[in-house]
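Accompanying notes for the structure given below.
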Amino acid sequence: FRPDLGLAPHGPLKMVVGDLEIDPASRNARVGDRLLTLTALEFDLLVALAERAGRVVPRDALWEAAGRSDTVVNERTVDVHVSRLRAKLGDDARDPVRLKTIRGSGYVLVKDPG
């Protein structure tokens with residue numbers, strides 16, 4: 001077991017949140033049949049959100065869960081990266097259904113965006 005990487009002996013399993021499928025072993029993510037082109041940070045943020053799907057994740061906890069706790073950033077930096085991730089997921093920035101901002105709290109990846 002590699003706790004530093006979060007990997008079990010046989011590798012992590014695929015994660016499914018609605019029509020979003022994430023494969024941590026290959027670092028691929030899909031929405032339906034569409035393969036997403038994500039940066040390493042975007043992928044790590046997505047995994048952190050998917051692991052906590054349906055729950056509000058505060059910005060600082062999200063940044064830390066994405067493995068970036070060694071880097072100090074302001075809230076706006078996290079917002080920008082989440083905004084880019086939201087666009088790649090195909091979410092409307094004005095009325096997101098998949099990745100929502102919870103004002104004053106953080107972000108939530110909706111379990112079943114319907």
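Please note that chains go A, B, ... in the order of the structure tokens, that every chain numbers its residues from 1, and that ligands are numbered from 1 in the order shown.
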Set the distance at 9 Å and use only C-alpha atoms: which residues neighbour Arg27 of chain A once local chain neighbours fewer than 5 positions away are removed? I'd like the list as a list in words. Ile22, Ala40, Phe43 and Asp44 of chain A
Nearby residues (only C-alpha atoms) at most 6 Å from Leu45 of chain A, same-chain spacing under 3 positions excluded, as a count of residues only: 3
Could you tell me how far atom CA of Val17 of chain A lies from atom CA of Lys111 of chain A, in Å and to one decimal? 5.4 Å
Rounded to one decimal, what separation in Å do you get between atom CA of Gly32 of chain A and atom CA of Pro113 of chain A? 12.7 Å
Residue set, segment 20-90 of chain A restricted to strand (DSSP E), as a PyMOL selection string: chain A and resi 20-23+28-31+34-35
Report as a ChimeraX atom specification all protein, DNA and RNA residues lying within 12 Å of Val16 of chain A, evaluated on only C-alpha atoms, omitting residues in the same chain fewer than 3 positions from it. /A:13,19-24,29-32,46-47,49-53,109-112
Taking a cut-off of 12 Å and counting only C-alpha atoms, can you build a table that, for each residue of segment 56-75 of chain A near segment 96-107 of chain A, reports the nearest atom pair and how far apart they are in Å (one decimal), sorted by chain then residue number, as JSON lines?
```
{"residue": "A:Val56", "atom": "CA", "partner": "A:Tyr107", "partner_atom": "CA", "distance": 5.4}
{"residue": "A:Val57", "atom": "CA", "partner": "A:Tyr107", "partner_atom": "CA", "distance": 5.3}
{"residue": "A:Pro58", "atom": "CA", "partner": "A:Gly106", "partner_atom": "CA", "distance": 4.1}
{"residue": "A:Arg59", "atom": "CA", "partner": "A:Gly106", "partner_atom": "CA", "distance": 5.2}
{"residue": "A:Asp60", "atom": "CA", "partner": "A:Gly106", "partner_atom": "CA", "distance": 8.5}
{"residue": "A:Ala61", "atom": "CA", "partner": "A:Gly106", "partner_atom": "CA", "distance": 9.0}
{"residue": "A:Leu62", "atom": "CA", "partner": "A:Gly106", "partner_atom": "CA", "distance": 8.3}
{"residue": "A:Trp63", "atom": "CA", "partner": "A:Gly106", "partner_atom": "CA", "distance": 10.8}
{"residue": "A:Glu75", "atom": "CA", "partner": "A:Gly106", "partner_atom": "CA", "distance": 9.6}
```
Output for the residues just chosen: N, CA and C atoms as a short mmCIF file (atom, residue, chain, number, x, y, z; two decimals), in the first residue's frame:
```
data_model
loop_
_atom_site.label_atom_id
_atom_site.label_comp_id
_atom_site.auth_asym_id
_atom_site.auth_seq_id
_atom_site.Cartn_x
_atom_site.Cartn_y
_atom_site.Cartn_z
N VAL A 56 -20.00 19.06 0.22
CA VAL A 56 -19.30 20.33 -0.01
C VAL A 56 -17.85 20.17 0.42
N VAL A 57 -16.95 20.56 -0.46
CA VAL A 57 -15.51 20.49 -0.16
C VAL A 57 -14.98 21.92 -0.11
N PRO A 58 -14.53 22.38 1.06
CA PRO A 58 -13.97 23.72 1.17
C PRO A 58 -12.75 23.87 0.26
N ARG A 59 -12.51 25.08 -0.20
CA ARG A 59 -11.41 25.35 -1.13
C ARG A 59 -10.07 24.83 -0.61
N ASP A 60 -9.74 25.14 0.64
CA ASP A 60 -8.44 24.72 1.17
C ASP A 60 -8.35 23.21 1.28
N ALA A 61 -9.44 22.55 1.66
CA ALA A 61 -9.45 21.09 1.74
C ALA A 61 -9.34 20.47 0.35
N LEU A 62 -9.96 21.10 -0.64
CA LEU A 62 -9.88 20.61 -2.02
C LEU A 62 -8.45 20.71 -2.52
N TRP A 63 -7.81 21.83 -2.27
CA TRP A 63 -6.43 22.04 -2.71
C TRP A 63 -5.51 21.01 -2.06
N GLU A 75 -7.74 31.92 -2.40
CA GLU A 75 -8.99 31.28 -2.84
C GLU A 75 -9.25 31.49 -4.33
#
```
